[in-house]
Structure formats: C-alpha cells, structure tokens
Amino acid sequence: MDPYALKTLNAERRARRAVILVTDLGDGRDRIVREGDQVAGELGTAIARAFRSGNSGSVEAEGRTFFLNAHLPQPRLVVIGAVHISQALAPMARIAGYPLEIIDPRTAFATPDRFPDVALHAEWPEDVLKRQPLDAYTALAAVTHDPKIDDFALKAALDANCFYVGALGSRKTHAKRIERLLALGASAEQIARIHAPIGLDIGAASPAEIAVAILAQTISAFRSRGLDASASRVQVDARPSAGAVA
C-alpha cells in the first residue's frame, strides 16, 4: 500500500470517519475515497453500495477490476434515559453489533444493578457529551420523556449529524418538542430528521417490543445512509408508531 494512503487511512479511522481504499488490480494503484466524495459512473455506484453495507470485495467498473476495502467506524447507540425500554434494548443492541451506552442523571434509575455490563453515565447529557462527542456514526434515542434531559441531547445529535435520531412521544408531545428545539437554535430541516414517535410502526406495546422497533429503525437508518432520506424518515406529523405515548 502507498505510504501516504496508509497514513490517510489510519487518520480517518482514528477520527471515526468512513473511508474506502480503492485499489486498481490492473496497475496496483491505491486511492482513498471518503464518504461523501463524488465518484462518477459504475465505480461510484459500487463505492456507494460498499459504504452502505460495509462489505469489502472486488468489482468490475469501466472495464477494469478494483478491490474496495471498506473501513467503517462501528456504529454506536446512545440512549438518553435509564428506563424499561433501555433495559430491553441493551442486550438486543449488543447482539446486533451496536454498542450501547446510557445517559441519565437520575441516579435512582441509572444503576449498575438495572444495567449490568452496560456503559452507564449517571450524569447530565451536557456533561457526558462534552467528553464524548456524538458523530455521524452514532445513533441517539431519547426516551426519558423529560425535556430537561432529552432536549440538549437531541440538539447535540442534530448538530453532530447522527445517522439516527429518535425521540419517545406522541405527535402532541413532539409538537411541543419542536417549539423547544427551535428556541434552542435547531433548524426546521434538522428537526425533520427526528424519528418521532420513535421506532418502526409494528404495533409495539410493551417496553421490549418498543425496543425491537427502535433497534430495527436504527439498523434501517444505518443501512440506508446516502439514500433518499424521504424514503425512510418518519415525518413530525406521522401517525403514532411503536413508541407513541401521550
């Protein structure tokens, strides 16, 4: 591998940015393509597909053979709220390959007994997220139903361009949330990215079922990065879904 390409690759991986090392198998030349770079033609289509799947492999494009070595940061799931939904979600997310951490300043809820083997922060989101900033390979689910805890984290997730942002609550609850987020400086376009009510609409009722709906929607958002957002986004005035509560 070209030393400059290796240096660039390592720097991007440390920064939790997705890149693909493209090697022309005909002449052995390497180049780094960052997620979001514009690559035209058949090769561009193959690269976009590799970014979404995370799979490496050889492709034929423009009469040449290339090997695409995909390097994607591991997605992480940050849950705001040490609630029953979070208890069910934690082991599911671990199995699915989405390391989960929970933030909740309410020490009566955020206890190791309730969340064994989970990265747990019994602190305010403002404090935790200053130390551990969100990024584009982070999903955030706000489930406390308490604006004092959820709102800052939601605004931080929107500013960090998290690949998934979900919030518990009904349409009525979310309408009030929109007003608060606008007051915090979020744009209408940013707010439209929030999946609220949270979770795929599978008719979930119990905390465990809502956790399934949240994880499924998170996975869908991750695998559809770069596609038309309107195809998968839940609009702010959508019908109540799995996580809808008053």
# chains A, B, ... in the order shown; residues from 1 in each chain; ligands from 1
call {"tool": "residues_around", "arguments": {"residues": "stretch 63-67 of chain A", "least_positions_apart": "5", "cutoff": "12 Å", "atoms": "only C-alpha atoms", "output": "PyMOL selection string"}}
result
chain A and resi 20-32+41-44+46-47+50+55-58
call {"tool": "residues_around", "arguments": {"residues": "A:Ala119", "least_positions_apart": "5", "cutoff": "7 Å", "atoms": "only C-alpha atoms", "output": "list in words"}}
result
Leu100, Glu101 and Ile102 of chain A
call {"tool": "residues_around", "arguments": {"residues": "A:Glu35", "least_positions_apart": "2", "cutoff": "12 Å", "atoms": "only C-alpha atoms", "output": "list in words"}}
result
Glu12, Arg16, Arg17, Ala18, Val19, Ile20, Leu21, Ile32, Val33, Asp37, Gln38, Val39, Gly44, Ile47, Ala48, Arg49, Ala50, Phe51, Arg52, Gly54, Ala70, His71, Leu72, Pro73, Ala136, Tyr137, Arg225 and Gly226 of chain A
call {"tool": "residues_around", "arguments": {"residues": "stretch 84-89 of chain A", "least_positions_apart": "4", "cutoff": "7 Å", "atoms": "only C-alpha atoms", "output": "CSV table (one decimal) with N, CA and C atoms, in the first residue's frame"}}
result
chain,number,residue,atom,x,y,z
A,93,ALA,N,-29.2,-4.6,21.3
A,93,ALA,CA,-28.3,-3.8,20.5
A,93,ALA,C,-26.9,-4.5,20.5
A,115,PHE,N,-28.6,-2.2,35.0
A,115,PHE,CA,-28.0,-2.2,33.7
A,115,PHE,C,-26.6,-2.9,33.8
A,207,PRO,N,-42.5,-2.5,26.6
A,207,PRO,CA,-41.1,-1.9,26.5
A,207,PRO,C,-40.2,-2.8,25.6
A,208,ALA,N,-40.3,-4.1,25.7
A,208,ALA,CA,-39.4,-4.9,24.9
A,208,ALA,C,-39.8,-4.8,23.4
A,210,ILE,N,-41.2,-2.2,22.0
A,210,ILE,CA,-40.8,-0.9,21.6
A,210,ILE,C,-39.3,-0.9,21.3
A,211,ALA,N,-38.5,-1.6,22.2
A,211,ALA,CA,-37.1,-1.7,22.0
A,211,ALA,C,-36.7,-2.3,20.6
call {"tool": "residues_around", "arguments": {"residues": "stretch 153-169 of chain A", "least_positions_apart": "6", "cutoff": "9 Å", "atoms": "only C-alpha atoms", "output": "number ranges by chain"}}
result
A: 77, 80, 125-126, 129, 133-145, 181, 184-186, 190-191, 193-199, 214, 217-219, 221-222, 225, 240, 243-246
call {"tool": "atom_distance", "arguments": {"atom1": "atom CA of A:Tyr98", "atom2": "atom CA of A:Ala15"}}
result
18.2 Å
call {"tool": "select_by_dssp", "arguments": {"residues": "stretch 10-188 of chain A", "states": "strand (DSSP E)", "output": "compact mmCIF listing (two decimals) with all heavy atoms, in the first residue's frame"}}
result
# COMPACT_ATOMS: atom_id res chain seq x y z
N VAL A 19 -14.06 5.47 5.25
CA VAL A 19 -13.29 5.61 4.02
C VAL A 19 -13.24 4.25 3.32
O VAL A 19 -13.45 3.20 3.94
CB VAL A 19 -11.84 6.09 4.27
CG1 VAL A 19 -11.83 7.49 4.83
CG2 VAL A 19 -11.10 5.13 5.20
N ILE A 20 -12.98 4.29 2.04
CA ILE A 20 -12.75 3.07 1.28
C ILE A 20 -11.42 3.20 0.56
O ILE A 20 -11.15 4.22 -0.10
CB ILE A 20 -13.88 2.82 0.26
CG1 ILE A 20 -15.18 2.47 1.00
CG2 ILE A 20 -13.52 1.71 -0.72
CD1 ILE A 20 -16.37 2.26 0.09
N LEU A 21 -10.57 2.19 0.72
CA LEU A 21 -9.32 2.12 -0.03
C LEU A 21 -9.63 1.43 -1.35
O LEU A 21 -10.01 0.25 -1.38
CB LEU A 21 -8.26 1.35 0.76
CG LEU A 21 -6.92 1.14 0.04
CD1 LEU A 21 -6.21 2.47 -0.14
CD2 LEU A 21 -6.05 0.16 0.80
N VAL A 22 -9.50 2.17 -2.44
CA VAL A 22 -9.79 1.66 -3.77
C VAL A 22 -8.47 1.29 -4.45
O VAL A 22 -7.61 2.15 -4.64
CB VAL A 22 -10.54 2.72 -4.61
CG1 VAL A 22 -10.85 2.17 -6.01
CG2 VAL A 22 -11.82 3.15 -3.91
N THR A 23 -8.33 0.02 -4.78
CA THR A 23 -7.11 -0.46 -5.44
C THR A 23 -7.44 -0.95 -6.84
O THR A 23 -8.32 -1.80 -7.02
CB THR A 23 -6.47 -1.61 -4.64
OG1 THR A 23 -6.19 -1.17 -3.31
CG2 THR A 23 -5.19 -2.08 -5.30
N ASP A 24 -6.76 -0.38 -7.81
CA ASP A 24 -6.90 -0.84 -9.20
C ASP A 24 -6.06 -2.10 -9.33
O ASP A 24 -4.82 -2.06 -9.25
CB ASP A 24 -6.40 0.25 -10.15
CG ASP A 24 -6.67 -0.07 -11.61
OD1 ASP A 24 -6.61 -1.27 -11.97
OD2 ASP A 24 -6.92 0.86 -12.39
N ASP A 30 -3.41 2.74 -5.50
CA ASP A 30 -4.39 2.92 -4.43
C ASP A 30 -4.87 4.36 -4.40
O ASP A 30 -4.14 5.28 -4.76
CB ASP A 30 -3.78 2.62 -3.05
CG ASP A 30 -3.32 1.18 -2.91
OD1 ASP A 30 -4.05 0.29 -3.37
OD2 ASP A 30 -2.24 0.96 -2.32
N ARG A 31 -6.09 4.51 -3.91
CA ARG A 31 -6.56 5.86 -3.56
C ARG A 31 -7.61 5.73 -2.46
O ARG A 31 -8.30 4.71 -2.35
CB ARG A 31 -7.13 6.61 -4.76
CG ARG A 31 -8.35 6.00 -5.41
CD ARG A 31 -9.01 7.00 -6.34
NE ARG A 31 -9.93 6.40 -7.27
CZ ARG A 31 -10.98 7.05 -7.78
NH1 ARG A 31 -11.21 8.29 -7.46
NH2 ARG A 31 -11.78 6.43 -8.63
N ILE A 32 -7.70 6.78 -1.66
CA ILE A 32 -8.66 6.83 -0.57
C ILE A 32 -9.88 7.61 -1.02
O ILE A 32 -9.77 8.72 -1.56
CB ILE A 32 -8.04 7.51 0.67
CG1 ILE A 32 -6.88 6.69 1.22
CG2 ILE A 32 -9.11 7.73 1.74
CD1 ILE A 32 -7.28 5.39 1.86
N VAL A 33 -11.07 7.04 -0.79
CA VAL A 33 -12.33 7.74 -1.05
C VAL A 33 -13.04 7.91 0.28
O VAL A 33 -13.29 6.91 0.98
CB VAL A 33 -13.22 6.97 -2.05
CG1 VAL A 33 -14.55 7.69 -2.24
CG2 VAL A 33 -12.50 6.81 -3.38
N ARG A 34 -13.35 9.13 0.64
CA ARG A 34 -14.07 9.41 1.87
C ARG A 34 -15.57 9.38 1.60
O ARG A 34 -16.01 9.70 0.50
CB ARG A 34 -13.67 10.77 2.44
CG ARG A 34 -12.21 10.87 2.84
CD ARG A 34 -11.85 12.29 3.26
NE ARG A 34 -10.49 12.39 3.75
CZ ARG A 34 -9.42 12.55 2.98
NH1 ARG A 34 -9.56 12.61 1.65
NH2 ARG A 34 -8.21 12.64 3.50
N GLY A 57 -14.70 -6.03 -1.23
CA GLY A 57 -14.70 -7.01 -2.30
C GLY A 57 -14.29 -6.39 -3.62
O GLY A 57 -14.11 -5.17 -3.73
N SER A 58 -14.13 -7.22 -4.63
CA SER A 58 -13.73 -6.75 -5.95
C SER A 58 -14.97 -6.42 -6.78
O SER A 58 -16.02 -7.04 -6.63
CB SER A 58 -12.87 -7.80 -6.66
OG SER A 58 -13.59 -9.01 -6.81
N VAL A 59 -14.81 -5.42 -7.65
CA VAL A 59 -15.90 -5.00 -8.53
C VAL A 59 -15.34 -4.74 -9.92
O VAL A 59 -14.16 -4.39 -10.07
CB VAL A 59 -16.61 -3.73 -7.99
CG1 VAL A 59 -17.22 -3.98 -6.63
CG2 VAL A 59 -15.65 -2.55 -7.93
N GLU A 60 -16.19 -4.90 -10.91
CA GLU A 60 -15.85 -4.56 -12.29
C GLU A 60 -16.50 -3.23 -12.61
O GLU A 60 -17.71 -3.06 -12.41
CB GLU A 60 -16.34 -5.64 -13.25
CG GLU A 60 -15.78 -7.03 -12.99
CD GLU A 60 -14.32 -7.15 -13.38
OE1 GLU A 60 -13.88 -6.37 -14.27
OE2 GLU A 60 -13.61 -8.00 -12.81
N ALA A 61 -15.72 -2.30 -13.11
CA ALA A 61 -16.27 -0.99 -13.46
C ALA A 61 -15.42 -0.36 -14.55
O ALA A 61 -14.17 -0.39 -14.46
CB ALA A 61 -16.29 -0.08 -12.23
N ARG A 64 -12.43 -2.22 -15.90
CA ARG A 64 -11.30 -2.50 -15.04
C ARG A 64 -11.80 -3.23 -13.78
O ARG A 64 -13.00 -3.23 -13.49
CB ARG A 64 -10.55 -1.23 -14.63
CG ARG A 64 -10.06 -0.42 -15.83
CD ARG A 64 -9.32 0.84 -15.39
NE ARG A 64 -8.03 0.51 -14.78
CZ ARG A 64 -6.90 0.34 -15.46
NH1 ARG A 64 -6.91 0.46 -16.79
NH2 ARG A 64 -5.77 0.07 -14.85
N THR A 65 -10.88 -3.83 -13.06
CA THR A 65 -11.23 -4.52 -11.83
C THR A 65 -10.61 -3.77 -10.65
O THR A 65 -9.41 -3.48 -10.65
CB THR A 65 -10.72 -5.97 -11.83
OG1 THR A 65 -11.24 -6.65 -12.97
CG2 THR A 65 -11.16 -6.70 -10.57
N PHE A 66 -11.44 -3.48 -9.67
CA PHE A 66 -10.99 -2.75 -8.49
C PHE A 66 -11.31 -3.58 -7.25
O PHE A 66 -12.30 -4.32 -7.20
CB PHE A 66 -11.71 -1.40 -8.36
CG PHE A 66 -11.49 -0.47 -9.51
CD1 PHE A 66 -12.33 -0.50 -10.62
CD2 PHE A 66 -10.46 0.46 -9.48
CE1 PHE A 66 -12.14 0.37 -11.68
CE2 PHE A 66 -10.26 1.33 -10.54
CZ PHE A 66 -11.10 1.29 -11.64
N PHE A 67 -10.48 -3.43 -6.24
CA PHE A 67 -10.81 -4.00 -4.93
C PHE A 67 -11.16 -2.86 -4.00
O PHE A 67 -10.38 -1.91 -3.84
CB PHE A 67 -9.65 -4.81 -4.34
CG PHE A 67 -10.07 -5.58 -3.11
CD1 PHE A 67 -10.68 -6.82 -3.24
CD2 PHE A 67 -9.90 -5.04 -1.84
CE1 PHE A 67 -11.10 -7.53 -2.11
CE2 PHE A 67 -10.31 -5.74 -0.71
CZ PHE A 67 -10.92 -6.98 -0.85
N LEU A 68 -12.35 -2.94 -3.39
CA LEU A 68 -12.82 -1.92 -2.48
C LEU A 68 -12.69 -2.44 -1.05
O LEU A 68 -13.36 -3.40 -0.66
CB LEU A 68 -14.29 -1.57 -2.76
CG LEU A 68 -14.64 -1.21 -4.21
CD1 LEU A 68 -16.11 -0.81 -4.31
CD2 LEU A 68 -13.74 -0.10 -4.73
N ASN A 69 -11.80 -1.83 -0.29
CA ASN A 69 -11.58 -2.22 1.11
C ASN A 69 -12.26 -1.19 1.99
O ASN A 69 -11.76 -0.07 2.17
CB ASN A 69 -10.07 -2.27 1.41
CG ASN A 69 -9.77 -3.03 2.69
OD1 ASN A 69 -10.65 -3.21 3.52
ND2 ASN A 69 -8.53 -3.45 2.85
N ALA A 70 -13.45 -1.56 2.48
CA ALA A 70 -14.27 -0.61 3.23
C ALA A 70 -13.86 -0.55 4.70
O ALA A 70 -13.69 -1.59 5.35
CB ALA A 70 -15.74 -1.00 3.13
N HIS A 71 -13.71 0.66 5.21
CA HIS A 71 -13.37 0.87 6.61
C HIS A 71 -14.42 1.81 7.20
O HIS A 71 -14.36 3.03 7.01
CB HIS A 71 -11.98 1.49 6.76
CG HIS A 71 -10.88 0.60 6.28
ND1 HIS A 71 -10.20 -0.27 7.10
CD2 HIS A 71 -10.34 0.44 5.04
CE1 HIS A 71 -9.29 -0.93 6.41
NE2 HIS A 71 -9.36 -0.52 5.15
N ARG A 76 -22.45 3.26 17.03
CA ARG A 76 -22.76 3.19 18.46
C ARG A 76 -24.14 3.77 18.70
O ARG A 76 -24.63 4.60 17.92
CB ARG A 76 -21.71 3.93 19.30
CG ARG A 76 -21.49 5.37 18.92
CD ARG A 76 -20.25 5.97 19.58
NE ARG A 76 -20.50 6.48 20.91
CZ ARG A 76 -20.48 7.79 21.22
NH1 ARG A 76 -20.26 8.69 20.27
NH2 ARG A 76 -20.69 8.18 22.44
N LEU A 77 -24.77 3.31 19.75
CA LEU A 77 -26.12 3.74 20.08
C LEU A 77 -26.09 4.37 21.47
O LEU A 77 -25.73 3.71 22.45
CB LEU A 77 -27.08 2.54 20.05
CG LEU A 77 -28.52 2.77 20.50
CD1 LEU A 77 -29.19 3.88 19.71
CD2 LEU A 77 -29.32 1.47 20.37
N VAL A 78 -26.44 5.63 21.53
CA VAL A 78 -26.51 6.36 22.80
C VAL A 78 -27.98 6.53 23.16
O VAL A 78 -28.76 7.07 22.38
CB VAL A 78 -25.82 7.74 22.70
CG1 VAL A 78 -26.04 8.54 23.98
CG2 VAL A 78 -24.33 7.56 22.43
N VAL A 79 -28.35 6.05 24.33
CA VAL A 79 -29.74 6.13 24.78
C VAL A 79 -29.80 7.12 25.95
O VAL A 79 -29.06 6.98 26.93
CB VAL A 79 -30.25 4.75 25.23
CG1 VAL A 79 -31.68 4.86 25.75
CG2 VAL A 79 -30.18 3.76 24.07
N ILE A 80 -30.67 8.08 25.80
CA ILE A 80 -30.89 9.05 26.87
C ILE A 80 -32.08 8.56 27.68
O ILE A 80 -33.22 8.64 27.24
CB ILE A 80 -31.16 10.47 26.31
CG1 ILE A 80 -30.06 10.87 25.31
CG2 ILE A 80 -31.25 11.47 27.44
CD1 ILE A 80 -28.67 10.92 25.88
N LEU A 100 -23.94 -0.07 23.06
CA LEU A 100 -24.92 0.86 23.62
C LEU A 100 -24.39 1.47 24.91
O LEU A 100 -23.74 0.79 25.71
CB LEU A 100 -26.24 0.12 23.87
CG LEU A 100 -27.40 0.90 24.47
CD1 LEU A 100 -28.72 0.42 23.88
CD2 LEU A 100 -27.43 0.73 25.99
N GLU A 101 -24.66 2.75 25.09
CA GLU A 101 -24.38 3.40 26.36
C GLU A 101 -25.60 4.22 26.76
O GLU A 101 -26.36 4.69 25.90
CB GLU A 101 -23.13 4.26 26.30
CG GLU A 101 -23.10 5.30 25.22
CD GLU A 101 -21.72 5.92 25.09
OE1 GLU A 101 -21.36 6.77 25.93
OE2 GLU A 101 -20.98 5.54 24.15
N ILE A 102 -25.78 4.36 28.05
CA ILE A 102 -26.97 5.02 28.58
C ILE A 102 -26.55 6.23 29.41
O ILE A 102 -25.61 6.15 30.21
CB ILE A 102 -27.79 4.03 29.42
CG1 ILE A 102 -28.37 2.93 28.53
CG2 ILE A 102 -28.91 4.75 30.17
CD1 ILE A 102 -29.04 1.81 29.28
N ILE A 103 -27.27 7.32 29.20
CA ILE A 103 -27.03 8.56 29.95
C ILE A 103 -28.32 8.94 30.65
O ILE A 103 -29.37 9.05 30.01
CB ILE A 103 -26.59 9.70 29.02
CG1 ILE A 103 -25.33 9.31 28.23
CG2 ILE A 103 -26.35 10.98 29.82
CD1 ILE A 103 -24.93 10.32 27.16
N ALA A 119 -22.36 0.42 29.45
CA ALA A 119 -21.69 1.70 29.73
C ALA A 119 -22.74 2.68 30.21
O ALA A 119 -23.61 3.10 29.45
CB ALA A 119 -21.01 2.20 28.46
N LEU A 120 -22.66 3.04 31.48
CA LEU A 120 -23.72 3.80 32.13
C LEU A 120 -23.15 5.10 32.69
O LEU A 120 -22.13 5.11 33.37
CB LEU A 120 -24.31 2.95 33.26
CG LEU A 120 -25.54 3.46 34.00
CD1 LEU A 120 -26.73 3.58 33.04
CD2 LEU A 120 -25.88 2.51 35.14
N HIS A 121 -23.84 6.22 32.39
CA HIS A 121 -23.41 7.53 32.87
C HIS A 121 -24.55 8.15 33.67
O HIS A 121 -25.55 8.58 33.08
CB HIS A 121 -23.05 8.45 31.70
CG HIS A 121 -22.05 7.86 30.75
ND1 HIS A 121 -20.69 7.88 30.99
CD2 HIS A 121 -22.22 7.23 29.56
CE1 HIS A 121 -20.06 7.29 29.99
NE2 HIS A 121 -20.97 6.89 29.11
N THR A 138 -23.04 7.67 15.07
CA THR A 138 -23.74 7.46 16.33
C THR A 138 -25.23 7.60 16.11
O THR A 138 -25.67 8.47 15.36
CB THR A 138 -23.29 8.48 17.39
OG1 THR A 138 -21.87 8.38 17.59
CG2 THR A 138 -23.98 8.24 18.72
N ALA A 139 -26.00 6.72 16.74
CA ALA A 139 -27.45 6.85 16.80
C ALA A 139 -27.82 7.31 18.19
O ALA A 139 -27.20 6.89 19.17
CB ALA A 139 -28.12 5.51 16.49
N LEU A 140 -28.82 8.17 18.28
CA LEU A 140 -29.28 8.64 19.59
C LEU A 140 -30.77 8.43 19.73
O LEU A 140 -31.55 8.80 18.85
CB LEU A 140 -28.94 10.11 19.80
CG LEU A 140 -29.33 10.64 21.19
CD1 LEU A 140 -28.16 11.40 21.84
CD2 LEU A 140 -30.56 11.52 21.13
N ALA A 141 -31.15 7.80 20.84
CA ALA A 141 -32.56 7.59 21.15
C ALA A 141 -32.86 8.25 22.49
O ALA A 141 -32.24 7.91 23.50
CB ALA A 141 -32.88 6.10 21.22
N ALA A 142 -33.77 9.21 22.48
CA ALA A 142 -34.14 9.94 23.70
C ALA A 142 -35.46 9.38 24.21
O ALA A 142 -36.49 9.51 23.56
CB ALA A 142 -34.27 11.43 23.40
N TYR A 164 -28.94 8.49 13.08
CA TYR A 164 -30.30 8.22 13.54
C TYR A 164 -30.57 9.05 14.79
O TYR A 164 -29.74 9.12 15.70
CB TYR A 164 -30.50 6.75 13.87
CG TYR A 164 -31.85 6.44 14.49
CD1 TYR A 164 -32.99 6.35 13.71
CD2 TYR A 164 -31.98 6.29 15.88
CE1 TYR A 164 -34.23 6.09 14.27
CE2 TYR A 164 -33.23 6.03 16.44
CZ TYR A 164 -34.35 5.93 15.65
OH TYR A 164 -35.58 5.68 16.20
N VAL A 165 -31.72 9.72 14.80
CA VAL A 165 -32.15 10.46 15.98
C VAL A 165 -33.62 10.14 16.20
O VAL A 165 -34.46 10.39 15.32
CB VAL A 165 -31.98 11.99 15.79
CG1 VAL A 165 -32.35 12.72 17.08
CG2 VAL A 165 -30.57 12.34 15.37
N GLY A 166 -33.94 9.55 17.35
CA GLY A 166 -35.31 9.20 17.66
C GLY A 166 -35.71 9.73 19.02
O GLY A 166 -34.87 9.88 19.91
N ALA A 167 -36.99 10.02 19.19
CA ALA A 167 -37.47 10.56 20.45
C ALA A 167 -38.83 9.97 20.79
O ALA A 167 -39.72 9.90 19.94
CB ALA A 167 -37.56 12.08 20.39
call {"tool": "closest_residue", "arguments": {"among": "A:Val212, A:Glu123, A:Gly81, A:Leu182", "to": "A:Asp150", "atoms": "only C-alpha atoms"}}
result
A:Gly81
call {"tool": "select_by_dssp", "arguments": {"residues": "stretch 88-178 of chain A", "states": "alpha helix (DSSP H)", "output": "PyMOL selection string"}}
result
chain A and resi 88-96+125-131+147-159+171-178
call {"tool": "atom_distance", "arguments": {"atom1": "atom CA of A:Arg106", "atom2": "atom CA of A:Leu200"}}
result
27.6 Å
call {"tool": "closest_residue", "arguments": {"among": "A:Thr8, A:Ser53, A:Ile149, A:Ser206", "to": "A:Ser224", "atoms": "only C-alpha atoms"}}
result
A:Ser53
call {"tool": "closest_residue", "arguments": {"among": "A:Asp146, A:Glu189, A:Arg131, A:Gly97", "to": "A:Lys176", "atoms": "only C-alpha atoms"}}
result
A:Asp146
call {"tool": "closest_residue", "arguments": {"among": "A:Lys172, A:Arg94, A:Arg223, A:Arg114", "to": "A:Ala82", "atoms": "only C-alpha atoms"}}
result
A:Arg114
